[in-house]
Amino acid sequence: MARILKQGAATAERGNVDRQVRETVEKILADVEARGDDAVRELSIRFDGWDRDSYRLTDSEIDQCIASLSEQDRRDIAFAQEQVRGFAEIQRRSMVDVEVETFPGVVLGHRNIPVNAAGCYVPGGKYPLLASAHMSVITAKVAGVKRVVTCAPPFQGKPAAAIVAAQAMAGADEIYCLGGVQAIAAMAVGTPGIAPVDMLVGPGNAYVAEAKRQLFGRVGIDLFAGPTETLIIADETVDGELCATDLLGQAEHGPDSPAILLTTSEQLARDTMREVDRLLTILPTADHAGRAWRDYGEVIVADDIDEMVRIADEIASEHVQVMTADPDYFLENMSNYGALFLGPRTNVAYGDKVIGTNHTLPTRKAARYTGGLWVGKFLKTCTYQRVLTDEASTIMGSYCSRLCALEGFAGHGEQANVRVRRHGGQNVPYAGAAEPVA
């Protein structure tokens with residue numbers, strides 16, 4: 001039986017925070033819907049200290065942001081975007097339209113149709129997370145979305161040059177310097193200054209995530225997101241420094257980011273905890289990472305590899321870093337995860353920033369039923385049917401009529417009966433007489 005050497009905050013404490021966030025977001029969304037641009041402006045001034053005539057950046061401002069970066073910075077962004085675009089294009093090619101004659105005279109098919117407009121949120125109030133621009137904008141464009149809108153908050157009192165450059169280089173059609181719930185609300189609800197979108201994607205803080213949750217249904221969303229989660233699965237083949245580095249590297253996202261070590265080695269577990277304490281004395285982001293580790297960090301020692309798989313699937317973590325003698329065992333046997341990082345040569349930061357897979361991933365156990373953001377999220381797989389012959393319509397109509405009678409749907413049945421009468425030449429009575437086709 002697994003032993004827990006360190007445990008995170010109680011679920012009840014997290015629930016109290018969730019309620020406060022939910023109530024705040026409800027008020028903001030209602031305000032933006034009622035007052036439009038005026039509410040957006042007041043909220044931007046209140047939360048970000050940011051105001052301007054139009055929150056949409058001009059072409060000149062975008063060009064200035066790009067020019068302000070060094071040549072190396074621009075090359076680095078371009079390299080990362082090439083990796084993301086390349087994998088997204090491979091994913092898009094895997095989704096094919098189909099059309100097949102499934103029964104003589106009956107043709108069924110589906111088309112993968114992109115949404116018309118997508119809103120991409122790029123967080124950047126605390127850190128200028130330009131990688132989120134690659135992950136959302138490029139993925140949407142590869143899917144074929146015609147209008148891609150981006151919103152990112154100001155950084156240190158002005159548009160974050162690196163985020164703006166990444167958004168533009170990724171192909172965004174409209175770029176706004178606007179953050180928080182007000183940005184999410186403006187894109188979803190629409191205001192005189194910002195036309196509404198059909199879908200919202202991208203990570204954000206708890207308020208942004210809650211805004212997307214409350215707007216789901218009015219618009220589509222990529223997934224229900226919570227704080228960044230990391231699970232390290234390791235054994236004695238690696239050391240405490242590597243495990244501690246990978247835990248804290250993700251814990252720095254915020255003070256509520258869970259970071260969990262799952263291992264079969266108690267020695268590694270204790271070495272890792274000592275290394276975490278040491279690294280927190282020198283890590284520049286130790287304030288956030290240290291609070292996350294204190295309140296949400298966990299260390300679990302399992303009896304064997306199969307128990308690690310079982311526990312890992314119960315946790316259903318967003319990121320799962322596997323550093324064991326046989327990482328592929330987890331690839332073959334795990335079913336609940338956002339993304340796997342197999343072996344000590346890779347790590348979650350590669351996925352977050354550059355390697356090409358998407359970093360917008362399911363959290364809070366959503367990995368039990370969904371994967372992360374990819375081109376398929378921007379596509380609607382829509383079916384169609386065509387009946388080519390009178391005979392096919394008569395056969396389908398006869399079955400349909402009898403099945404409708406079983407359900408008591410007279411109107412449905414008559415839809416079938418009228419076609420059988422016309423194409424089959426039978427004397428079929430009106431369905432209201434409760435006499436379906438024989």
# chains A, B, ... in the order shown; residues from 1 in each chain; ligands from 1
call {"tool": "residues_around", "arguments": {"residues": "range 227-241 of chain A", "least_positions_apart": "3", "cutoff": "9 Å", "atoms": "only C-alpha atoms", "output": "ChimeraX atom specification"}}
result
/A:204-206,244-247,250-251,253-265,267-276,279,308,312,315-325,344,348,361,363-364
call {"tool": "select_by_dssp", "arguments": {"residues": "range 259-437 of chain A", "states": "helix (DSSP H, G or I)", "output": "VMD selection string"}}
result
chain A and resid 266 to 279 286 to 296 305 to 315 328 to 333 348 to 353 366 to 368 375 to 378 390 to 407 410 to 424 431 to 433
call {"tool": "atom_distance", "arguments": {"atom1": "CA of Pro153 in chain A", "atom2": "CA of Leu248 in chain A"}}
result
25.3 Å
call {"tool": "closest_atom_pairs", "arguments": {"of": "range 41-148 of chain A", "to": "range 162-180 of chain A", "cutoff": "7 Å", "atoms": "only C-alpha atoms", "output": "tab-separated table"}}
result
residue	atom	partner	partner_atom	distance
A:Tyr55	CA	A:Tyr176	CA	5.3
A:Arg56	CA	A:Tyr176	CA	4.1
A:Leu57	CA	A:Tyr176	CA	5.7
A:Ile62	CA	A:Val164	CA	6.4
A:Cys65	CA	A:Ala165	CA	6.1
A:Ile66	CA	A:Ala165	CA	4.9
A:Ile77	CA	A:Ala166	CA	6.7
A:Pro128	CA	A:Ile163	CA	6.4
A:Leu129	CA	A:Ile163	CA	6.9
A:Leu130	CA	A:Ile163	CA	4.4
A:Ala133	CA	A:Gln167	CA	5.3
A:His134	CA	A:Ala170	CA	6.1
A:Val137	CA	A:Ala170	CA	5.9
A:Ile138	CA	A:Ala170	CA	5.4
A:Arg147	CA	A:Asp173	CA	6.1
A:Val148	CA	A:Asp173	CA	5.3
call {"tool": "write_last_selection", "arguments": {"atoms": "C-alpha atoms", "output": "PDB file, in the first residue's frame"}}
result
ATOM      1  CA  TYR A  55      -7.483  48.239 -26.874  1.00  0.00           C
ATOM      2  CA  ARG A  56      -6.777  46.849 -30.343  1.00  0.00           C
ATOM      3  CA  LEU A  57      -3.139  47.362 -31.318  1.00  0.00           C
ATOM      4  CA  ILE A  62       2.711  45.588 -33.652  1.00  0.00           C
ATOM      5  CA  CYS A  65       6.966  45.421 -30.771  1.00  0.00           C
ATOM      6  CA  ILE A  66       8.520  43.009 -33.252  1.00  0.00           C
ATOM      7  CA  ILE A  77      10.157  32.521 -31.428  1.00  0.00           C
ATOM      8  CA  PRO A 128       4.854  37.312 -20.455  1.00  0.00           C
ATOM      9  CA  LEU A 129       3.820  33.794 -21.526  1.00  0.00           C
ATOM     10  CA  LEU A 130       4.359  34.208 -25.250  1.00  0.00           C
ATOM     11  CA  ALA A 133       0.294  32.505 -28.549  1.00  0.00           C
ATOM     12  CA  HIS A 134       1.939  29.688 -30.516  1.00  0.00           C
ATOM     13  CA  VAL A 137      -3.166  30.995 -32.701  1.00  0.00           C
ATOM     14  CA  ILE A 138      -1.105  28.623 -34.832  1.00  0.00           C
ATOM     15  CA  ARG A 147     -10.756  35.062 -37.822  1.00  0.00           C
ATOM     16  CA  VAL A 148      -8.422  34.630 -34.864  1.00  0.00           C
TER      17      VAL A 148
END
call {"tool": "residues_around", "arguments": {"residues": "Ala366 in chain A", "least_positions_apart": "5", "cutoff": "9 Å", "atoms": "only C-alpha atoms", "output": "mmCIF file with C-alpha atoms, in the first residue's frame"}}
result
data_model
loop_
_atom_site.group_PDB
_atom_site.id
_atom_site.type_symbol
_atom_site.label_atom_id
_atom_site.label_comp_id
_atom_site.auth_asym_id
_atom_site.auth_seq_id
_atom_site.Cartn_x
_atom_site.Cartn_y
_atom_site.Cartn_z
ATOM 1 C CA LEU A 223 -11.424 22.732 -21.850
ATOM 2 C CA PHE A 224 -12.105 23.497 -18.204
ATOM 3 C CA ALA A 225 -8.740 24.584 -16.875
ATOM 4 C CA ALA A 316 -5.081 12.199 -13.791
ATOM 5 C CA SER A 317 -2.484 14.961 -13.860
ATOM 6 C CA GLU A 318 -2.072 17.582 -16.556
ATOM 7 C CA ASN A 336 -5.527 9.413 -17.670
ATOM 8 C CA TYR A 337 -3.059 12.234 -18.389
ATOM 9 C CA GLY A 338 -2.830 15.493 -20.286
ATOM 10 C CA GLY A 371 -7.166 15.509 -24.106
#
call {"tool": "residues_around", "arguments": {"residues": "Ile305 in chain A", "least_positions_apart": "2", "cutoff": "9 Å", "atoms": "only C-alpha atoms", "output": "list of chain:residue names"}}
result
A:Thr263, A:Thr264, A:Ala302, A:Asp303, A:Glu307, A:Met308, A:Val309, A:Arg310, A:Tyr329, A:Phe330
call {"tool": "write_last_selection", "arguments": {"atoms": "all heavy atoms", "output": "PDB file, in the first residue's frame"}}
result
ATOM      1  N   THR A 263       6.837   7.659  -6.497  1.00  0.00           N
ATOM      2  CA  THR A 263       8.035   6.850  -6.683  1.00  0.00           C
ATOM      3  C   THR A 263       7.908   5.517  -5.943  1.00  0.00           C
ATOM      4  O   THR A 263       7.076   5.362  -5.047  1.00  0.00           O
ATOM      5  CB  THR A 263       9.284   7.609  -6.179  1.00  0.00           C
ATOM      6  OG1 THR A 263      10.453   6.812  -6.379  1.00  0.00           O
ATOM      7  CG2 THR A 263       9.157   7.961  -4.702  1.00  0.00           C
ATOM      8  N   THR A 264       8.746   4.580  -6.325  1.00  0.00           N
ATOM      9  CA  THR A 264       8.862   3.316  -5.595  1.00  0.00           C
ATOM     10  C   THR A 264      10.054   3.335  -4.646  1.00  0.00           C
ATOM     11  O   THR A 264      10.310   2.360  -3.943  1.00  0.00           O
ATOM     12  CB  THR A 264       9.017   2.145  -6.580  1.00  0.00           C
ATOM     13  OG1 THR A 264      10.047   2.472  -7.524  1.00  0.00           O
ATOM     14  CG2 THR A 264       7.714   1.875  -7.309  1.00  0.00           C
ATOM     15  N   ALA A 302       5.050   4.305  -3.644  1.00  0.00           N
ATOM     16  CA  ALA A 302       4.244   3.137  -4.012  1.00  0.00           C
ATOM     17  C   ALA A 302       5.068   1.866  -3.842  1.00  0.00           C
ATOM     18  O   ALA A 302       6.305   1.892  -3.804  1.00  0.00           O
ATOM     19  CB  ALA A 302       3.769   3.274  -5.460  1.00  0.00           C
ATOM     20  N   ASP A 303       4.347   0.742  -3.788  1.00  0.00           N
ATOM     21  CA  ASP A 303       5.033  -0.539  -3.596  1.00  0.00           C
ATOM     22  C   ASP A 303       5.705  -1.037  -4.864  1.00  0.00           C
ATOM     23  O   ASP A 303       6.768  -1.662  -4.803  1.00  0.00           O
ATOM     24  CB  ASP A 303       4.034  -1.595  -3.091  1.00  0.00           C
ATOM     25  CG  ASP A 303       3.617  -1.356  -1.653  1.00  0.00           C
ATOM     26  OD1 ASP A 303       4.387  -0.716  -0.907  1.00  0.00           O
ATOM     27  OD2 ASP A 303       2.515  -1.806  -1.271  1.00  0.00           O
ATOM     28  N   GLU A 307       1.289  -0.300  -9.013  1.00  0.00           N
ATOM     29  CA  GLU A 307       0.603   0.615  -8.103  1.00  0.00           C
ATOM     30  C   GLU A 307       0.839   2.059  -8.538  1.00  0.00           C
ATOM     31  O   GLU A 307      -0.051   2.906  -8.414  1.00  0.00           O
ATOM     32  CB  GLU A 307       1.079   0.410  -6.668  1.00  0.00           C
ATOM     33  CG  GLU A 307       0.247   1.231  -5.677  1.00  0.00           C
ATOM     34  CD  GLU A 307       0.588   0.928  -4.229  1.00  0.00           C
ATOM     35  OE1 GLU A 307       1.792   0.801  -3.905  1.00  0.00           O
ATOM     36  OE2 GLU A 307      -0.361   0.817  -3.421  1.00  0.00           O
ATOM     37  N   MET A 308       2.019   2.357  -9.086  1.00  0.00           N
ATOM     38  CA  MET A 308       2.267   3.708  -9.599  1.00  0.00           C
ATOM     39  C   MET A 308       1.318   4.035 -10.745  1.00  0.00           C
ATOM     40  O   MET A 308       0.792   5.146 -10.833  1.00  0.00           O
ATOM     41  CB  MET A 308       3.725   3.868 -10.032  1.00  0.00           C
ATOM     42  CG  MET A 308       4.691   3.976  -8.878  1.00  0.00           C
ATOM     43  SD  MET A 308       6.245   4.822  -9.308  1.00  0.00           S
ATOM     44  CE  MET A 308       6.997   3.613 -10.403  1.00  0.00           C
ATOM     45  N   VAL A 309       1.089   3.072 -11.643  1.00  0.00           N
ATOM     46  CA  VAL A 309       0.153   3.299 -12.742  1.00  0.00           C
ATOM     47  C   VAL A 309      -1.252   3.573 -12.201  1.00  0.00           C
ATOM     48  O   VAL A 309      -1.933   4.509 -12.644  1.00  0.00           O
ATOM     49  CB  VAL A 309       0.134   2.085 -13.696  1.00  0.00           C
ATOM     50  CG1 VAL A 309      -1.035   2.192 -14.681  1.00  0.00           C
ATOM     51  CG2 VAL A 309       1.450   1.989 -14.462  1.00  0.00           C
ATOM     52  N   ARG A 310      -1.671   2.774 -11.232  1.00  0.00           N
ATOM     53  CA  ARG A 310      -3.016   2.946 -10.677  1.00  0.00           C
ATOM     54  C   ARG A 310      -3.173   4.313 -10.012  1.00  0.00           C
ATOM     55  O   ARG A 310      -4.155   5.024 -10.236  1.00  0.00           O
ATOM     56  CB  ARG A 310      -3.299   1.831  -9.658  1.00  0.00           C
ATOM     57  CG  ARG A 310      -4.688   1.931  -9.025  1.00  0.00           C
ATOM     58  CD  ARG A 310      -4.902   0.860  -7.966  1.00  0.00           C
ATOM     59  NE  ARG A 310      -3.956   0.937  -6.871  1.00  0.00           N
ATOM     60  CZ  ARG A 310      -4.020   1.848  -5.889  1.00  0.00           C
ATOM     61  NH1 ARG A 310      -4.998   2.751  -5.885  1.00  0.00           N
ATOM     62  NH2 ARG A 310      -3.123   1.842  -4.922  1.00  0.00           N
ATOM     63  N   TYR A 329       6.443   1.640 -20.324  1.00  0.00           N
ATOM     64  CA  TYR A 329       5.416   0.882 -19.604  1.00  0.00           C
ATOM     65  C   TYR A 329       4.242   1.787 -19.243  1.00  0.00           C
ATOM     66  O   TYR A 329       3.086   1.374 -19.286  1.00  0.00           O
ATOM     67  CB  TYR A 329       6.017   0.268 -18.342  1.00  0.00           C
ATOM     68  CG  TYR A 329       5.066  -0.657 -17.620  1.00  0.00           C
ATOM     69  CD1 TYR A 329       4.939  -1.989 -17.997  1.00  0.00           C
ATOM     70  CD2 TYR A 329       4.286  -0.197 -16.557  1.00  0.00           C
ATOM     71  CE1 TYR A 329       4.050  -2.846 -17.344  1.00  0.00           C
ATOM     72  CE2 TYR A 329       3.399  -1.039 -15.894  1.00  0.00           C
ATOM     73  CZ  TYR A 329       3.285  -2.360 -16.297  1.00  0.00           C
ATOM     74  OH  TYR A 329       2.408  -3.199 -15.653  1.00  0.00           O
ATOM     75  N   PHE A 330       4.550   3.031 -18.918  1.00  0.00           N
ATOM     76  CA  PHE A 330       3.494   3.983 -18.555  1.00  0.00           C
ATOM     77  C   PHE A 330       2.752   4.470 -19.803  1.00  0.00           C
ATOM     78  O   PHE A 330       1.539   4.680 -19.757  1.00  0.00           O
ATOM     79  CB  PHE A 330       4.094   5.149 -17.765  1.00  0.00           C
ATOM     80  CG  PHE A 330       4.615   4.713 -16.427  1.00  0.00           C
ATOM     81  CD1 PHE A 330       5.914   4.225 -16.295  1.00  0.00           C
ATOM     82  CD2 PHE A 330       3.806   4.755 -15.309  1.00  0.00           C
ATOM     83  CE1 PHE A 330       6.396   3.796 -15.068  1.00  0.00           C
ATOM     84  CE2 PHE A 330       4.283   4.327 -14.072  1.00  0.00           C
ATOM     85  CZ  PHE A 330       5.577   3.841 -13.954  1.00  0.00           C
TER      86      PHE A 330
END
call {"tool": "select_by_dssp", "arguments": {"residues": "range 45-101 of chain A", "states": "strand (DSSP E or B)", "output": "VMD selection string"}}
result
chain A and resid 56 98 to 101
call {"tool": "residues_around", "arguments": {"residues": "range 41-51 of chain A", "least_positions_apart": "5", "cutoff": "10 Å", "atoms": "only C-alpha atoms", "output": "MDAnalysis selection string"}}
result
chainID A and resid 28 31:32 36 125 153:159 177:183
call {"tool": "write_last_selection", "arguments": {"atoms": "C-alpha atoms", "output": "PDB file, in the first residue's frame"}}
result
ATOM      1  CA  ILE A  28     -18.013  40.882 -14.019  1.00  0.00           C
ATOM      2  CA  ASP A  31     -21.459  43.978 -16.017  1.00  0.00           C
ATOM      3  CA  VAL A  32     -19.774  43.540 -19.412  1.00  0.00           C
ATOM      4  CA  GLY A  36     -20.185  46.682 -22.993  1.00  0.00           C
ATOM      5  CA  GLY A 125       0.219  39.771 -16.194  1.00  0.00           C
ATOM      6  CA  PRO A 153      -2.908  41.878 -20.564  1.00  0.00           C
ATOM      7  CA  PRO A 154      -0.395  44.705 -20.370  1.00  0.00           C
ATOM      8  CA  PHE A 155       2.952  43.832 -18.824  1.00  0.00           C
ATOM      9  CA  GLN A 156       4.603  46.479 -16.658  1.00  0.00           C
ATOM     10  CA  GLY A 157       2.276  49.159 -17.980  1.00  0.00           C
ATOM     11  CA  LYS A 158       2.453  48.501 -21.711  1.00  0.00           C
ATOM     12  CA  PRO A 159       1.861  45.773 -24.301  1.00  0.00           C
ATOM     13  CA  CYS A 177      -3.929  44.492 -25.175  1.00  0.00           C
ATOM     14  CA  LEU A 178      -6.614  43.526 -22.710  1.00  0.00           C
ATOM     15  CA  GLY A 179      -6.508  41.027 -19.859  1.00  0.00           C
ATOM     16  CA  GLY A 180      -8.521  39.142 -17.305  1.00  0.00           C
ATOM     17  CA  VAL A 181     -12.198  38.320 -17.172  1.00  0.00           C
ATOM     18  CA  GLN A 182     -12.989  41.528 -19.052  1.00  0.00           C
ATOM     19  CA  ALA A 183     -11.055  40.233 -22.070  1.00  0.00           C
TER      20      ALA A 183
END
call {"tool": "atom_distance", "arguments": {"atom1": "CA of Asp277 in chain A", "atom2": "CA of Gly297 in chain A"}}
result
12.2 Å
call {"tool": "residues_around", "arguments": {"residues": "Gly356 in chain A", "least_positions_apart": "6", "cutoff": "7 Å", "atoms": "only C-alpha atoms", "output": "CSV table (one decimal) with N, CA, C and O atoms, in the first residue's frame"}}
result
chain,number,residue,atom,x,y,z
A,83,GLN,N,8.0,24.4,-34.8
A,83,GLN,CA,7.7,23.1,-34.2
A,83,GLN,C,6.2,22.9,-33.9
A,83,GLN,O,5.7,21.8,-34.2
A,84,VAL,N,5.6,23.9,-33.4
A,84,VAL,CA,4.2,23.8,-33.1
A,84,VAL,C,3.4,23.7,-34.4
A,84,VAL,O,2.4,22.8,-34.5
A,87,PHE,N,3.8,20.1,-36.0
A,87,PHE,CA,3.0,19.0,-35.4
A,87,PHE,C,1.5,19.2,-35.6
A,87,PHE,O,0.8,18.2,-35.8
call {"tool": "residues_around", "arguments": {"residues": "Gln385 in chain A", "least_positions_apart": "3", "cutoff": "7 Å", "atoms": "only C-alpha atoms", "output": "number ranges by chain"}}
result
A: 107-109
call {"tool": "atom_distance", "arguments": {"atom1": "CA of Gly249 in chain A", "atom2": "CA of Pro123 in chain A"}}
result
17.8 Å
call {"tool": "closest_residue", "arguments": {"among": "A:Phe79, A:Trp293, A:Phe378, A:Phe103", "to": "Met199 in chain A", "atoms": "only C-alpha atoms"}}
result
A:Phe378
call {"tool": "decode", "arguments": {"residues": "range 322-376 of chain A", "atoms": "C-alpha atoms", "output": "PDB file, in the first residue's frame"}}
result
ATOM      1  CA  VAL A 322       8.156   9.647 -16.325  1.00  0.00           C
ATOM      2  CA  MET A 323      11.755   8.937 -15.312  1.00  0.00           C
ATOM      3  CA  THR A 324      11.969   5.213 -14.691  1.00  0.00           C
ATOM      4  CA  ALA A 325      13.852   2.215 -16.015  1.00  0.00           C
ATOM      5  CA  ASP A 326      10.984   1.533 -18.447  1.00  0.00           C
ATOM      6  CA  PRO A 327       9.089   4.764 -19.306  1.00  0.00           C
ATOM      7  CA  ASP A 328       7.211   3.066 -22.150  1.00  0.00           C
ATOM      8  CA  TYR A 329       5.416   0.882 -19.604  1.00  0.00           C
ATOM      9  CA  PHE A 330       3.494   3.983 -18.555  1.00  0.00           C
ATOM     10  CA  LEU A 331       2.807   4.957 -22.169  1.00  0.00           C
ATOM     11  CA  GLU A 332       1.324   1.516 -22.748  1.00  0.00           C
ATOM     12  CA  ASN A 333      -0.638   1.244 -19.503  1.00  0.00           C
ATOM     13  CA  MET A 334      -1.680   4.718 -18.349  1.00  0.00           C
ATOM     14  CA  SER A 335      -4.977   6.154 -19.591  1.00  0.00           C
ATOM     15  CA  ASN A 336      -5.527   9.413 -17.670  1.00  0.00           C
ATOM     16  CA  TYR A 337      -3.059  12.234 -18.389  1.00  0.00           C
ATOM     17  CA  GLY A 338      -2.830  15.493 -20.286  1.00  0.00           C
ATOM     18  CA  ALA A 339       0.615  14.860 -21.749  1.00  0.00           C
ATOM     19  CA  LEU A 340       3.393  12.360 -21.067  1.00  0.00           C
ATOM     20  CA  PHE A 341       7.072  13.286 -20.993  1.00  0.00           C
ATOM     21  CA  LEU A 342       9.010  10.064 -21.289  1.00  0.00           C
ATOM     22  CA  GLY A 343      12.537   9.696 -19.965  1.00  0.00           C
ATOM     23  CA  PRO A 344      14.959  12.074 -18.236  1.00  0.00           C
ATOM     24  CA  ARG A 345      16.088  13.730 -21.489  1.00  0.00           C
ATOM     25  CA  THR A 346      12.770  15.528 -21.875  1.00  0.00           C
ATOM     26  CA  ASN A 347      10.739  17.579 -19.416  1.00  0.00           C
ATOM     27  CA  VAL A 348       7.529  19.568 -19.106  1.00  0.00           C
ATOM     28  CA  ALA A 349       9.232  22.863 -19.961  1.00  0.00           C
ATOM     29  CA  TYR A 350      10.031  21.497 -23.445  1.00  0.00           C
ATOM     30  CA  GLY A 351       6.327  20.868 -23.966  1.00  0.00           C
ATOM     31  CA  ASP A 352       5.405  24.250 -22.514  1.00  0.00           C
ATOM     32  CA  LYS A 353       7.717  26.247 -24.723  1.00  0.00           C
ATOM     33  CA  VAL A 354       9.225  24.670 -27.793  1.00  0.00           C
ATOM     34  CA  ILE A 355       9.018  20.985 -28.659  1.00  0.00           C
ATOM     35  CA  GLY A 356       5.786  21.169 -30.664  1.00  0.00           C
ATOM     36  CA  THR A 357       3.008  19.500 -28.669  1.00  0.00           C
ATOM     37  CA  ASN A 358       0.340  21.806 -27.286  1.00  0.00           C
ATOM     38  CA  HIS A 359       0.682  23.057 -23.726  1.00  0.00           C
ATOM     39  CA  THR A 360      -3.003  23.810 -23.106  1.00  0.00           C
ATOM     40  CA  LEU A 361      -3.954  20.613 -21.284  1.00  0.00           C
ATOM     41  CA  PRO A 362      -6.688  19.226 -19.006  1.00  0.00           C
ATOM     42  CA  THR A 363      -6.453  19.809 -15.259  1.00  0.00           C
ATOM     43  CA  ARG A 364      -8.509  18.861 -12.182  1.00  0.00           C
ATOM     44  CA  LYS A 365      -8.929  15.275 -13.344  1.00  0.00           C
ATOM     45  CA  ALA A 366     -10.428  16.306 -16.695  1.00  0.00           C
ATOM     46  CA  ALA A 367      -7.827  14.019 -18.297  1.00  0.00           C
ATOM     47  CA  ARG A 368     -10.243  11.200 -17.473  1.00  0.00           C
ATOM     48  CA  TYR A 369     -12.430  12.327 -20.392  1.00  0.00           C
ATOM     49  CA  THR A 370     -10.540  14.751 -22.628  1.00  0.00           C
ATOM     50  CA  GLY A 371      -7.166  15.509 -24.106  1.00  0.00           C
ATOM     51  CA  GLY A 372      -5.647  18.943 -24.571  1.00  0.00           C
ATOM     52  CA  LEU A 373      -5.947  21.658 -27.179  1.00  0.00           C
ATOM     53  CA  TRP A 374      -5.217  20.543 -30.755  1.00  0.00           C
ATOM     54  CA  VAL A 375      -6.471  21.291 -34.259  1.00  0.00           C
ATOM     55  CA  GLY A 376      -9.447  19.009 -33.722  1.00  0.00           C
TER      56      GLY A 376
END
